[in-house]
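What's in structure_2.txt: compact mmCIF, C-alpha atoms
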```txt
# COMPACT_ATOMS: atom_id res chain seq x y z
CA MET A 30 -20.77 -23.14 10.87
CA PRO A 31 -20.15 -19.76 12.53
CA ASP A 32 -20.29 -16.62 10.40
CA PRO A 33 -17.18 -16.16 8.23
CA LEU A 34 -14.50 -13.76 9.42
CA TYR A 35 -12.50 -11.44 7.18
CA PHE A 36 -8.88 -10.82 8.20
CA ASP A 37 -7.54 -9.65 4.84
CA HIS A 38 -8.14 -5.88 4.91
CA ALA A 39 -4.62 -5.19 3.60
CA ALA A 40 -5.67 -6.96 0.38
CA THR A 41 -8.95 -5.11 -0.07
CA THR A 42 -11.81 -3.61 1.91
CA PRO A 43 -15.58 -3.56 1.37
CA VAL A 44 -16.94 -0.48 -0.40
CA ARG A 45 -18.49 1.75 2.23
CA ALA A 46 -22.19 2.55 1.98
CA GLU A 47 -21.44 6.28 2.09
CA VAL A 48 -19.03 5.87 -0.82
CA LEU A 49 -21.51 3.91 -2.93
CA GLU A 50 -24.18 6.53 -2.24
CA ALA A 51 -21.86 9.33 -3.36
CA MET A 52 -20.89 7.48 -6.56
CA THR A 53 -24.32 6.27 -7.68
CA PRO A 54 -25.51 9.49 -9.42
CA PHE A 55 -22.41 9.44 -11.63
CA LEU A 56 -23.17 5.88 -12.71
CA GLY A 57 -26.62 7.02 -13.82
CA ALA A 58 -28.16 10.41 -14.57
CA ARG A 59 -24.96 12.47 -14.06
CA PHE A 60 -23.09 10.60 -16.79
CA GLY A 61 -21.41 13.48 -18.62
CA ASN A 62 -17.88 13.57 -20.01
CA PRO A 63 -15.92 16.16 -18.01
CA SER A 64 -14.19 17.34 -21.20
CA SER A 65 -17.51 18.32 -22.81
CA THR A 66 -18.67 21.95 -22.66
CA HIS A 67 -22.43 21.36 -22.44
CA ARG A 68 -24.32 21.16 -19.16
CA TRP A 69 -23.76 17.42 -18.71
CA GLY A 70 -20.04 17.89 -19.19
CA ARG A 71 -19.90 20.95 -16.93
CA ASP A 72 -21.69 19.01 -14.20
CA ALA A 73 -19.17 16.15 -14.47
CA ARG A 74 -16.24 18.60 -14.51
CA ALA A 75 -17.50 20.33 -11.37
CA ALA A 76 -17.82 17.01 -9.56
CA LEU A 77 -14.35 15.92 -10.70
CA ASP A 78 -12.75 19.19 -9.64
CA GLU A 79 -14.44 19.00 -6.25
CA ALA A 80 -13.28 15.39 -5.77
CA ARG A 81 -9.73 16.41 -6.62
CA GLU A 82 -9.86 19.25 -4.08
CA ARG A 83 -11.19 16.94 -1.38
CA VAL A 84 -8.62 14.16 -1.87
CA ALA A 85 -5.81 16.70 -2.07
CA HIS A 86 -6.99 18.30 1.15
CA CYS A 87 -6.81 14.91 2.90
CA LEU A 88 -3.12 14.80 1.93
CA GLY A 89 -2.35 18.40 2.84
CA ALA A 90 -1.88 19.14 -0.87
CA LYS A 91 -3.20 21.52 -3.52
CA ALA A 92 -5.71 20.30 -6.10
CA ASP A 93 -3.25 20.65 -8.98
CA GLU A 94 -0.87 18.29 -7.14
CA LEU A 95 -3.34 15.39 -7.32
CA CYS A 96 -3.52 13.01 -10.29
CA PHE A 97 -6.26 10.36 -10.31
CA THR A 98 -5.14 6.87 -11.38
CA SER A 99 -6.58 3.38 -11.70
CA GLY A 100 -4.97 2.39 -8.39
CA GLY A 101 -1.67 1.90 -6.61
CA THR A 102 0.13 -0.03 -9.34
CA GLU A 103 -0.41 2.64 -11.98
CA ALA A 104 0.51 5.42 -9.55
CA ASP A 105 3.73 3.64 -8.52
CA ASN A 106 4.73 3.12 -12.15
CA LEU A 107 3.89 6.72 -13.05
CA ALA A 108 6.02 8.04 -10.19
CA VAL A 109 9.07 5.80 -10.65
CA LEU A 110 9.22 5.67 -14.45
CA GLY A 111 7.83 9.17 -14.95
CA ALA A 112 10.56 10.62 -12.73
CA PHE A 113 13.25 8.39 -14.24
CA HIS A 114 12.35 9.47 -17.79
CA ALA A 115 12.43 13.12 -16.72
CA MET A 116 15.78 12.89 -14.94
CA ALA A 117 17.74 10.51 -17.20
CA PRO A 118 18.55 13.21 -19.79
CA LYS A 119 20.19 15.17 -16.97
CA GLY A 120 22.55 12.29 -16.21
CA ARG A 121 20.62 10.98 -13.24
CA LYS A 122 19.82 7.37 -14.15
CA ALA A 123 19.85 5.43 -10.86
CA VAL A 124 16.66 4.26 -9.16
CA VAL A 125 17.11 3.50 -5.46
CA THR A 126 14.56 1.31 -3.73
CA THR A 127 14.24 -1.54 -1.23
CA PRO A 128 13.96 -5.27 -1.92
CA ILE A 129 10.74 -5.39 0.12
CA GLU A 130 8.72 -2.99 -2.03
CA HIS A 131 5.43 -3.87 -3.69
CA LYS A 132 6.04 -5.58 -7.02
CA ALA A 133 4.71 -2.47 -8.79
CA VAL A 134 7.74 -0.48 -7.65
CA LEU A 135 10.22 -3.32 -8.15
CA ALA A 136 8.95 -3.99 -11.67
CA ALA A 137 9.18 -0.29 -12.52
CA ALA A 138 12.77 -0.22 -11.25
CA HIS A 139 13.53 -3.29 -13.39
CA GLN A 140 12.09 -1.48 -16.40
CA ALA A 141 14.24 1.59 -15.75
CA ALA A 142 17.29 -0.69 -15.72
CA ARG A 143 16.23 -2.21 -19.05
CA GLU A 144 16.08 1.31 -20.45
CA GLY A 145 19.67 2.08 -19.52
CA GLY A 146 19.25 3.03 -15.87
CA GLU A 147 20.63 1.41 -12.74
CA GLU A 148 18.52 -0.35 -10.13
CA ARG A 149 20.08 0.07 -6.69
CA LEU A 150 18.60 -2.05 -3.87
CA LEU A 151 19.12 -1.06 -0.25
CA ARG A 152 20.10 -3.35 2.61
CA MET A 153 17.46 -3.84 5.26
CA GLN A 154 17.42 -4.38 8.99
CA PRO A 155 15.88 -7.67 10.21
CA THR A 156 12.84 -5.75 11.50
CA GLY A 157 12.13 -4.41 8.00
CA GLN A 158 13.54 -0.90 8.27
CA VAL A 159 16.09 0.55 5.83
CA ASP A 160 19.74 0.19 6.84
CA THR A 161 20.94 3.77 7.32
CA ALA A 162 24.52 3.14 6.18
CA SER A 163 23.29 1.46 3.01
CA TYR A 164 20.97 4.38 2.34
CA ALA A 165 23.71 6.97 2.75
CA ALA A 166 25.98 5.04 0.39
CA ALA A 167 23.30 4.53 -2.27
CA VAL A 168 21.80 8.01 -2.51
CA LYS A 169 24.39 9.89 -4.56
CA ASP A 170 24.37 12.61 -7.22
CA ASP A 171 23.52 10.13 -9.99
CA VAL A 172 20.14 9.16 -8.49
CA ALA A 173 16.99 10.09 -10.36
CA ILE A 174 14.48 8.86 -7.79
CA VAL A 175 14.33 7.07 -4.46
CA SER A 176 11.19 4.99 -3.81
CA VAL A 177 10.57 3.59 -0.33
CA MET A 178 7.27 2.12 0.84
CA TRP A 179 5.91 3.83 3.96
CA VAL A 180 4.16 0.75 5.42
CA ASN A 181 5.11 -2.66 4.08
CA ASN A 182 2.07 -4.51 2.82
CA GLU A 183 3.19 -7.97 3.98
CA MET A 184 4.54 -7.35 7.47
CA GLY A 185 3.51 -3.81 8.41
CA ALA A 186 7.07 -2.51 8.91
CA MET A 187 7.17 1.29 8.83
CA GLN A 188 9.91 3.52 7.45
CA PRO A 189 10.98 6.99 8.68
CA ILE A 190 9.80 8.59 5.45
CA GLY A 191 10.44 12.19 6.50
CA ALA A 192 14.10 11.54 7.30
CA LEU A 193 14.68 9.40 4.20
CA ALA A 194 13.05 11.98 1.94
CA SER A 195 15.14 14.79 3.44
CA GLN A 196 18.35 12.87 2.74
CA ALA A 197 17.30 12.23 -0.84
CA LYS A 198 16.44 15.88 -1.40
CA ALA A 199 19.82 16.93 0.00
CA ALA A 200 21.45 14.76 -2.69
CA GLY A 201 19.31 16.32 -5.43
CA ALA A 202 17.22 13.19 -5.95
CA LEU A 203 13.45 12.95 -6.24
CA PHE A 204 11.57 10.92 -3.62
CA HIS A 205 8.49 8.73 -3.92
CA THR A 206 6.69 6.74 -1.25
CA ASP A 207 4.07 4.07 -1.80
CA GLY A 208 1.57 5.17 0.83
CA VAL A 209 -1.11 2.62 -0.02
CA GLN A 210 -0.97 0.91 3.41
CA ALA A 211 -0.13 4.17 5.21
CA PHE A 212 -2.99 6.42 4.12
CA GLY A 213 -5.60 6.48 6.83
CA LYS A 214 -3.25 4.64 9.20
CA VAL A 215 -0.60 7.32 9.88
CA PRO A 216 -0.75 11.14 9.73
CA ILE A 217 0.13 12.41 6.25
CA ASP A 218 0.70 16.09 5.49
CA THR A 219 2.53 16.75 2.24
CA ALA A 220 2.76 20.44 3.15
CA THR A 221 5.50 19.51 5.62
CA LEU A 222 6.58 16.06 4.41
CA PRO A 223 9.42 16.50 1.86
CA VAL A 224 8.24 13.88 -0.64
CA ASP A 225 7.79 14.59 -4.34
CA TYR A 226 5.33 11.78 -5.08
CA LEU A 227 2.96 9.73 -2.89
CA THR A 228 0.70 6.86 -3.93
CA ILE A 229 -2.73 6.02 -2.49
CA SER A 230 -5.24 3.31 -3.48
CA GLY A 231 -8.99 3.49 -3.05
CA HIS A 232 -9.84 -0.15 -2.42
CA LYS A 233 -7.70 -0.21 0.74
CA ILE A 234 -9.91 2.46 2.35
CA GLY A 235 -13.48 1.55 1.38
CA ALA A 236 -13.56 2.89 -2.21
CA PRO A 237 -13.88 0.69 -5.32
CA LYS A 238 -11.08 -1.31 -6.88
CA GLY A 239 -9.68 0.66 -9.81
CA SER A 240 -9.54 3.98 -7.95
CA GLY A 241 -6.37 5.66 -6.73
CA ALA A 242 -4.26 8.76 -6.93
CA LEU A 243 -0.71 10.06 -7.10
CA PHE A 244 0.39 13.19 -5.27
CA ILE A 245 2.85 15.10 -7.50
CA ARG A 246 4.47 18.08 -5.83
CA ARG A 247 4.36 21.32 -7.79
CA GLY A 248 7.51 21.58 -9.87
CA ALA A 249 8.44 17.89 -9.57
CA PRO A 250 9.32 16.62 -13.06
CA LEU A 251 7.27 13.78 -14.49
CA GLN A 252 6.92 12.25 -17.93
CA PRO A 253 3.53 10.62 -18.63
CA LEU A 254 3.24 6.90 -19.23
CA PHE A 255 0.25 7.29 -21.56
CA HIS A 256 -0.24 9.60 -24.53
CA GLY A 257 -3.26 10.88 -26.37
CA GLY A 258 -4.96 13.69 -24.48
CA SER A 259 -4.56 16.73 -22.25
CA GLN A 260 -6.56 15.43 -19.30
CA ASP A 261 -4.99 15.85 -15.87
CA ARG A 262 -2.57 18.42 -17.26
CA GLY A 263 -1.23 15.81 -19.65
CA ARG A 264 0.09 13.67 -16.82
CA ARG A 265 -2.57 10.98 -17.27
CA PRO A 266 -4.48 11.41 -20.55
CA GLY A 267 -7.82 9.70 -21.05
CA THR A 268 -11.40 10.42 -20.05
CA GLU A 269 -11.53 10.66 -16.28
CA ASN A 270 -13.53 8.19 -14.16
CA VAL A 271 -15.76 10.71 -12.40
CA ALA A 272 -17.71 8.21 -10.32
CA PHE A 273 -14.58 6.58 -8.94
CA ALA A 274 -12.96 9.96 -8.22
CA VAL A 275 -16.04 10.99 -6.25
CA GLY A 276 -15.99 7.67 -4.39
CA LEU A 277 -12.30 8.02 -3.58
CA ALA A 278 -12.90 11.52 -2.21
CA ARG A 279 -15.66 10.35 0.12
CA ALA A 280 -13.63 7.36 1.31
CA ALA A 281 -10.54 9.51 1.89
CA GLU A 282 -12.45 12.01 4.00
CA LEU A 283 -14.06 9.30 6.13
CA THR A 284 -10.74 7.49 6.57
CA VAL A 285 -8.86 10.59 7.65
CA ALA A 286 -11.63 11.65 10.04
CA GLU A 287 -11.61 8.21 11.70
CA ARG A 288 -7.85 7.63 11.64
CA GLU A 289 -6.94 8.28 15.28
CA ARG A 290 -9.85 6.28 16.68
CA GLU A 291 -9.30 3.38 14.28
CA HIS A 292 -5.56 3.31 14.94
CA ALA A 293 -6.10 2.96 18.67
CA ARG A 294 -8.81 0.33 18.17
CA LEU A 295 -6.84 -1.79 15.70
CA GLU A 296 -3.60 -1.54 17.65
CA ALA A 297 -5.36 -2.83 20.76
CA LEU A 298 -6.95 -5.68 18.80
CA ARG A 299 -3.67 -6.61 17.09
CA ASP A 300 -1.78 -6.65 20.38
CA ARG A 301 -4.51 -8.72 22.02
CA LEU A 302 -4.42 -11.25 19.18
CA GLN A 303 -0.63 -11.34 19.14
CA ALA A 304 -0.41 -11.94 22.89
CA ALA A 305 -3.01 -14.70 22.79
CA MET A 306 -1.29 -16.47 19.91
CA LEU A 307 2.15 -16.24 21.52
CA ALA A 308 0.75 -17.62 24.77
CA LYS A 309 -0.49 -20.76 22.97
CA ILE A 310 2.31 -21.01 20.35
CA PRO A 311 5.51 -19.98 22.21
CA ASP A 312 7.74 -20.48 19.15
CA LEU A 313 5.51 -18.41 16.88
CA VAL A 314 7.58 -15.93 14.82
CA VAL A 315 6.08 -12.42 14.69
CA HIS A 316 7.67 -10.64 11.74
CA GLY A 317 8.78 -7.08 12.33
CA LEU A 318 8.59 -7.41 16.10
CA GLY A 319 10.98 -4.91 17.71
CA GLY A 320 10.63 -2.39 14.90
CA GLU A 321 7.94 0.19 14.22
CA ARG A 322 4.86 -1.49 12.76
CA ALA A 323 1.48 -0.37 11.46
CA ALA A 324 -1.46 -1.26 13.69
CA HIS A 325 -3.51 -3.18 11.13
CA ILE A 326 -1.06 -5.90 10.04
CA LEU A 327 0.09 -8.94 12.02
CA SER A 328 2.48 -11.19 10.09
CA VAL A 329 3.34 -14.53 11.69
CA SER A 330 4.98 -17.87 10.93
CA ALA A 331 4.47 -21.06 12.91
CA PRO A 332 7.52 -23.33 12.49
CA GLY A 333 6.57 -26.75 11.17
CA THR A 334 3.69 -25.44 9.04
CA ASP A 335 3.38 -24.00 5.55
CA ALA A 336 1.32 -21.02 4.45
CA GLU A 337 -0.64 -22.81 1.74
CA SER A 338 -1.96 -25.48 4.11
CA MET A 339 -2.68 -22.99 6.88
CA LEU A 340 -4.59 -20.67 4.58
CA MET A 341 -6.64 -23.58 3.24
CA ALA A 342 -7.45 -24.74 6.76
CA LEU A 343 -8.40 -21.22 7.82
CA ASP A 344 -10.60 -20.82 4.77
CA LEU A 345 -12.38 -24.11 5.49
CA ALA A 346 -13.03 -22.76 8.98
CA GLY A 347 -14.54 -19.61 7.48
CA ILE A 348 -11.59 -17.27 8.10
CA ALA A 349 -9.91 -15.24 5.37
CA CYS A 350 -6.22 -14.41 5.76
CA SER A 351 -3.39 -14.08 3.26
CA GLY A 352 0.04 -15.52 2.59
CA GLY A 353 1.41 -12.09 1.74
CA SER A 354 0.32 -9.32 -0.60
CA ALA A 355 -2.77 -9.85 -2.73
CA CYS A 356 -0.55 -9.82 -5.82
CA GLN A 357 1.18 -12.90 -4.42
CA SER A 358 -2.01 -14.90 -3.94
CA GLY A 359 -1.89 -18.30 -5.54
CA SER A 360 1.90 -18.38 -5.35
CA VAL A 361 3.60 -21.12 -3.37
CA GLU A 362 6.91 -19.25 -3.38
CA PRO A 363 8.08 -17.84 -0.04
CA SER A 364 7.43 -14.13 0.49
CA HIS A 365 9.97 -12.00 -1.37
CA VAL A 366 9.79 -9.59 1.54
CA LEU A 367 10.85 -12.10 4.19
CA THR A 368 13.41 -13.67 1.85
CA ALA A 369 15.01 -10.26 1.34
CA LEU A 370 15.23 -9.86 5.13
CA GLY A 371 17.18 -13.12 5.44
CA VAL A 372 14.37 -15.13 7.00
CA ARG A 373 14.88 -18.89 6.71
CA PRO A 374 13.00 -20.38 3.74
CA ASP A 375 10.88 -22.67 5.93
CA ILE A 376 9.84 -19.73 8.12
CA ALA A 377 9.23 -17.45 5.14
CA GLY A 378 7.17 -20.19 3.51
CA ALA A 379 4.97 -20.44 6.60
CA MET A 380 4.07 -16.75 6.77
CA VAL A 381 0.41 -15.88 7.28
CA ARG A 382 -0.65 -12.24 7.09
CA ILE A 383 -3.54 -11.27 9.33
CA SER A 384 -4.82 -7.79 8.53
CA LEU A 385 -7.44 -6.02 10.58
CA GLY A 386 -9.95 -3.35 9.64
CA VAL A 387 -13.55 -2.26 9.63
CA LEU A 388 -14.90 -5.84 9.85
CA THR A 389 -12.70 -6.75 12.84
CA ASP A 390 -14.05 -6.73 16.40
CA ASP A 391 -13.30 -8.35 19.77
CA ALA A 392 -15.30 -11.47 19.00
CA ALA A 393 -13.52 -12.00 15.69
CA VAL A 394 -10.10 -11.64 17.30
CA ASP A 395 -11.01 -14.02 20.12
CA ARG A 396 -12.26 -16.64 17.66
CA LEU A 397 -9.10 -16.45 15.55
CA ALA A 398 -6.94 -16.56 18.69
CA GLN A 399 -8.66 -19.79 19.71
CA LEU A 400 -8.68 -21.43 16.28
CA PHE A 401 -5.21 -20.56 14.94
CA PRO A 402 -3.25 -22.57 17.57
CA GLN A 403 -5.53 -25.57 16.96
CA LEU A 404 -4.79 -25.45 13.24
CA VAL A 405 -1.06 -25.10 13.90
CA ALA A 406 -1.11 -28.15 16.18
CA LYS A 407 -3.04 -30.12 13.56
CA ALA A 408 -0.63 -29.09 10.80
CA ARG A 409 2.37 -30.06 12.89
CA GLY A 410 0.79 -33.39 13.75
CA MET A 411 0.23 -34.15 10.09
CA ALA A 412 3.81 -33.18 9.27
CA VAL A 413 5.13 -35.60 11.92
CA ALA A 414 2.81 -38.39 10.72
```
For the structure just supplied, provide its representation as structure tokens.
Amino acid sequence: MPDPLYFDHAATTPVRAEVLEAMTPFLGARFGNPSSTHRWGRDARAALDEARERVAHCLGAKADELCFTSGGTEADNLAVLGAFHAMAPKGRKAVVTTPIEHKAVLAAAHQAAREGGEERLLRMQPTGQVDTASYAAAVKDDVAIVSVMWVNNEMGAMQPIGALASQAKAAGALFHTDGVQAFGKVPIDTATLPVDYLTISGHKIGAPKGSGALFIRRGAPLQPLFHGGSQDRGRRPGTENVAFAVGLARAAELTVAEREREHARLEALRDRLQAAMLAKIPDLVVHGLGGERAAHILSVSAPGTDAESMLMALDLAGIACSGGSACQSGSVEPSHVLTALGVRPDIAGAMVRISLGVLTDDAAVDRLAQLFPQLVAKARGMAVA
């Protein structure tokens, strides 16, 4: 069998060698608690402070605007619920978001509603972008926070975050964006981008699972989710994970430095794969086509197939893809993203997400382009039989 191919970079990425090298000392000899005042603690504190500076710099932020988290889910919850709890006493109790957000944001919005708030879902365009009329109608003077994902994790649809954030700010609302799939893929400069909170996740960019961060603009109100210590200015109490912070910093710097080159490379590979698949499967549905999309995600549905069978067939052939977000793995339900966009259930249930990254090259794309149509034809033949 040929070597296996990994086309699931939107789910997770391999830890980079440079990142592992940077982290290793803090998993061994440099083991101190950064809250301790002795030399081991001071050494850990210095490393943590430096990591914070470096990640913040990659976002165009100041060090005190960066809060380390256990990943994207925690950061999303901290932003949405932390802002809601801070604004609710002022009479702002609405949370505005989209129906195609990551479940971390949607679940946080549900929780705000259970606590007496209002969850307000926006209408979407078929290509995955926010409907502007719906947005204008939803963002009123009772809104605590607006949360809109920059790059959708299932179909790659991109939002005009700068314009949406400006509208929210004009209405007196706070604005959060889940930038997990955007960081390292699009330019991000919080010095000019009018967002209050921005989420990043380490394992999407070559750092370990369990690492992440939330940008919190100076002056933006936020109530902590956890209690019990003064770490991270009280925003996220608990002994800090120094090794993972150092790893995230190294991964962030490498990702930002390589962004332009990788964007051009992945966009060319995605377009090559898309063209080859459409040439052999003329009725293939490419989700998000016609709207602005990120370069690393290709989301497709072949009518007459289903995602579960296709993913199993791909896996048996040594190719890893996904049926949606990693948090949806194992689910046979159609994508909540495509369902929210009005995609027919049979098409939504056939969606396969192909996500490109560091392990993707010309040969990998060519092999998938050859194999995928064969598997579609086989699946359709079995369905007819």
**Message:** Between atom CA of A:Glu296 and atom CA of A:Val315, what distance in Å does the model show, to one decimal?
**Reply:**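 Interatomic distance here is 14.9 Å.
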**Message:** Just checking: using only C-alpha atoms, which residue out of A:Leu135, A:Met341, A:Ala73, A:Ala304 ends up closest to A:Thr102?
**Reply:** A:Leu135
**Message:** Between A:Gln399, A:Ser195, A:Thr156, A:Thr98, which residue has the minimum interatomic distance to A:Leu307, considering all atoms listed in the file?
**Reply:**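 Closest residue, counting all atoms listed in the file: A:Gln399.
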Counting only C-alpha atoms, which residues of stretch 55-134 of chain A fall within 12 Å of stretch 140-150 of chain A, and what is the closest atom pair for each with its distance in Å at one decimal, ordered by chain and rising number, as JSON lines?
```
{"residue": "A:Asn106", "atom": "CA", "partner": "A:Gln140", "partner_atom": "CA", "distance": 9.7}
{"residue": "A:Leu107", "atom": "CA", "partner": "A:Ala141", "partner_atom": "CA", "distance": 11.9}
{"residue": "A:Ala108", "atom": "CA", "partner": "A:Ala141", "partner_atom": "CA", "distance": 11.8}
{"residue": "A:Val109", "atom": "CA", "partner": "A:Ala141", "partner_atom": "CA", "distance": 8.4}
{"residue": "A:Leu110", "atom": "CA", "partner": "A:Ala141", "partner_atom": "CA", "distance": 6.6}
{"residue": "A:Gly111", "atom": "CA", "partner": "A:Ala141", "partner_atom": "CA", "distance": 10.0}
{"residue": "A:Ala112", "atom": "CA", "partner": "A:Ala141", "partner_atom": "CA", "distance": 10.2}
{"residue": "A:Phe113", "atom": "CA", "partner": "A:Ala141", "partner_atom": "CA", "distance": 7.0}
{"residue": "A:His114", "atom": "CA", "partner": "A:Ala141", "partner_atom": "CA", "distance": 8.4}
{"residue": "A:Ala115", "atom": "CA", "partner": "A:Ala141", "partner_atom": "CA", "distance": 11.7}
{"residue": "A:Met116", "atom": "CA", "partner": "A:Gly146", "partner_atom": "CA", "distance": 10.5}
{"residue": "A:Ala117", "atom": "CA", "partner": "A:Gly146", "partner_atom": "CA", "distance": 7.7}
{"residue": "A:Pro118", "atom": "CA", "partner": "A:Gly146", "partner_atom": "CA", "distance": 10.9}
{"residue": "A:Gly120", "atom": "CA", "partner": "A:Gly146", "partner_atom": "CA", "distance": 9.8}
{"residue": "A:Arg121", "atom": "CA", "partner": "A:Gly146", "partner_atom": "CA", "distance": 8.5}
{"residue": "A:Lys122", "atom": "CA", "partner": "A:Gly146", "partner_atom": "CA", "distance": 4.7}
{"residue": "A:Ala123", "atom": "CA", "partner": "A:Glu147", "partner_atom": "CA", "distance": 4.5}
{"residue": "A:Val124", "atom": "CA", "partner": "A:Glu148", "partner_atom": "CA", "distance": 5.1}
{"residue": "A:Val125", "atom": "CA", "partner": "A:Arg149", "partner_atom": "CA", "distance": 4.7}
{"residue": "A:Thr126", "atom": "CA", "partner": "A:Leu150", "partner_atom": "CA", "distance": 5.3}
{"residue": "A:Thr127", "atom": "CA", "partner": "A:Leu150", "partner_atom": "CA", "distance": 5.1}
{"residue": "A:Pro128", "atom": "CA", "partner": "A:Leu150", "partner_atom": "CA", "distance": 6.0}
{"residue": "A:Ile129", "atom": "CA", "partner": "A:Leu150", "partner_atom": "CA", "distance": 9.4}
{"residue": "A:Glu130", "atom": "CA", "partner": "A:Leu150", "partner_atom": "CA", "distance": 10.1}
{"residue": "A:Lys132", "atom": "CA", "partner": "A:Gln140", "partner_atom": "CA", "distance": 11.9}
{"residue": "A:Ala133", "atom": "CA", "partner": "A:Gln140", "partner_atom": "CA", "distance": 10.6}
{"residue": "A:Val134", "atom": "CA", "partner": "A:Gln140", "partner_atom": "CA", "distance": 9.8}
```
**Asked** Using only C-alpha atoms, which of A:Arg301, A:Arg83, A:Lys119, A:His205 sits nearest A:Val285?
**Response**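 Smallest distance to A:Val285 is found for A:Arg83.
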**Item:** One-decimal distance in Å that lies between atom CA of A:Asp261 and atom CA of A:Arg81
**Value:**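 Calculated distance between atom CA of A:Arg81 and atom CA of A:Asp261 is 10.4 Å.
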**Request:** Excluding stretch 209-219 of chain A and any residue of its chain fewer than 6 positions from it, enumerate the residues within 9 Å of it, using all atoms listed in the file, and give them as a count of residues only.
**Result:** 36
**Message:** List the spatial neighbours of A:Asp390 as a ChimeraX atom specification - criterion: any atom at most 12 Å away, only C-alpha atoms, same-chain residues fewer than 3 positions off excluded.
**Reply:** /A:34-36,291,294-299,301-302,385-387,393-397
**Fill in**
atom CA of A:Ala377 sits from atom CA of A:Val168 at a separation of 29.4 Å
**Prompt:** Leaving out stretch 52-64 of chain A and any residue of its chain fewer than 4 positions from it, which residues lie within 10 Å of it when counting all atoms listed in the file, given as a PyMOL selection string?
**Reply:** chain A and resi 46-48+68-78+236-237+259-260+267-279
Those same residues - C-alpha atoms - I'd like them written as an mmCIF file, keeping the file's coordinate frame.
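Result file part.cif:
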```cif
data_model
loop_
_atom_site.group_PDB
_atom_site.id
_atom_site.type_symbol
_atom_site.label_atom_id
_atom_site.label_comp_id
_atom_site.auth_asym_id
_atom_site.auth_seq_id
_atom_site.Cartn_x
_atom_site.Cartn_y
_atom_site.Cartn_z
ATOM 1 C CA ALA A 46 -22.190 2.550 1.980
ATOM 2 C CA GLU A 47 -21.440 6.280 2.090
ATOM 3 C CA VAL A 48 -19.030 5.870 -0.820
ATOM 4 C CA ARG A 68 -24.320 21.160 -19.160
ATOM 5 C CA TRP A 69 -23.760 17.420 -18.710
ATOM 6 C CA GLY A 70 -20.040 17.890 -19.190
ATOM 7 C CA ARG A 71 -19.900 20.950 -16.930
ATOM 8 C CA ASP A 72 -21.690 19.010 -14.200
ATOM 9 C CA ALA A 73 -19.170 16.150 -14.470
ATOM 10 C CA ARG A 74 -16.240 18.600 -14.510
ATOM 11 C CA ALA A 75 -17.500 20.330 -11.370
ATOM 12 C CA ALA A 76 -17.820 17.010 -9.560
ATOM 13 C CA LEU A 77 -14.350 15.920 -10.700
ATOM 14 C CA ASP A 78 -12.750 19.190 -9.640
ATOM 15 C CA ALA A 236 -13.560 2.890 -2.210
ATOM 16 C CA PRO A 237 -13.880 0.690 -5.320
ATOM 17 C CA SER A 259 -4.560 16.730 -22.250
ATOM 18 C CA GLN A 260 -6.560 15.430 -19.300
ATOM 19 C CA GLY A 267 -7.820 9.700 -21.050
ATOM 20 C CA THR A 268 -11.400 10.420 -20.050
ATOM 21 C CA GLU A 269 -11.530 10.660 -16.280
ATOM 22 C CA ASN A 270 -13.530 8.190 -14.160
ATOM 23 C CA VAL A 271 -15.760 10.710 -12.400
ATOM 24 C CA ALA A 272 -17.710 8.210 -10.320
ATOM 25 C CA PHE A 273 -14.580 6.580 -8.940
ATOM 26 C CA ALA A 274 -12.960 9.960 -8.220
ATOM 27 C CA VAL A 275 -16.040 10.990 -6.250
ATOM 28 C CA GLY A 276 -15.990 7.670 -4.390
ATOM 29 C CA LEU A 277 -12.300 8.020 -3.580
ATOM 30 C CA ALA A 278 -12.900 11.520 -2.210
ATOM 31 C CA ARG A 279 -15.660 10.350 0.120
#
```
Rebuild N, CA and C atoms on stretch 370-377 of chain A, as a PDB file, in the coordinates of the input?
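Final file, result_35.pdb:
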```
ATOM      1  N   LEU A 370      14.798 -10.184   3.761  1.00  0.00           N
ATOM      2  CA  LEU A 370      15.230  -9.860   5.130  1.00  0.00           C
ATOM      3  C   LEU A 370      16.076 -10.986   5.733  1.00  0.00           C
ATOM      4  N   GLY A 371      16.335 -12.026   4.956  1.00  0.00           N
ATOM      5  CA  GLY A 371      17.180 -13.120   5.440  1.00  0.00           C
ATOM      6  C   GLY A 371      16.464 -14.142   6.281  1.00  0.00           C
ATOM      7  N   VAL A 372      15.140 -14.142   6.229  1.00  0.00           N
ATOM      8  CA  VAL A 372      14.370 -15.130   7.000  1.00  0.00           C
ATOM      9  C   VAL A 372      14.550 -16.508   6.365  1.00  0.00           C
ATOM     10  N   ARG A 373      14.707 -17.534   7.212  1.00  0.00           N
ATOM     11  CA  ARG A 373      14.880 -18.890   6.710  1.00  0.00           C
ATOM     12  C   ARG A 373      13.747 -19.279   5.777  1.00  0.00           C
ATOM     13  N   PRO A 374      14.040 -20.021   4.712  1.00  0.00           N
ATOM     14  CA  PRO A 374      13.000 -20.380   3.740  1.00  0.00           C
ATOM     15  C   PRO A 374      11.791 -21.074   4.359  1.00  0.00           C
ATOM     16  N   ASP A 375      12.020 -21.957   5.340  1.00  0.00           N
ATOM     17  CA  ASP A 375      10.880 -22.670   5.930  1.00  0.00           C
ATOM     18  C   ASP A 375       9.985 -21.720   6.730  1.00  0.00           C
ATOM     19  N   ILE A 376      10.611 -20.716   7.356  1.00  0.00           N
ATOM     20  CA  ILE A 376       9.840 -19.730   8.120  1.00  0.00           C
ATOM     21  C   ILE A 376       9.130 -18.768   7.162  1.00  0.00           C
ATOM     22  N   ALA A 377       9.848 -18.329   6.130  1.00  0.00           N
ATOM     23  CA  ALA A 377       9.230 -17.450   5.140  1.00  0.00           C
ATOM     24  C   ALA A 377       8.066 -18.139   4.441  1.00  0.00           C
TER      25      ALA A 377
END
```
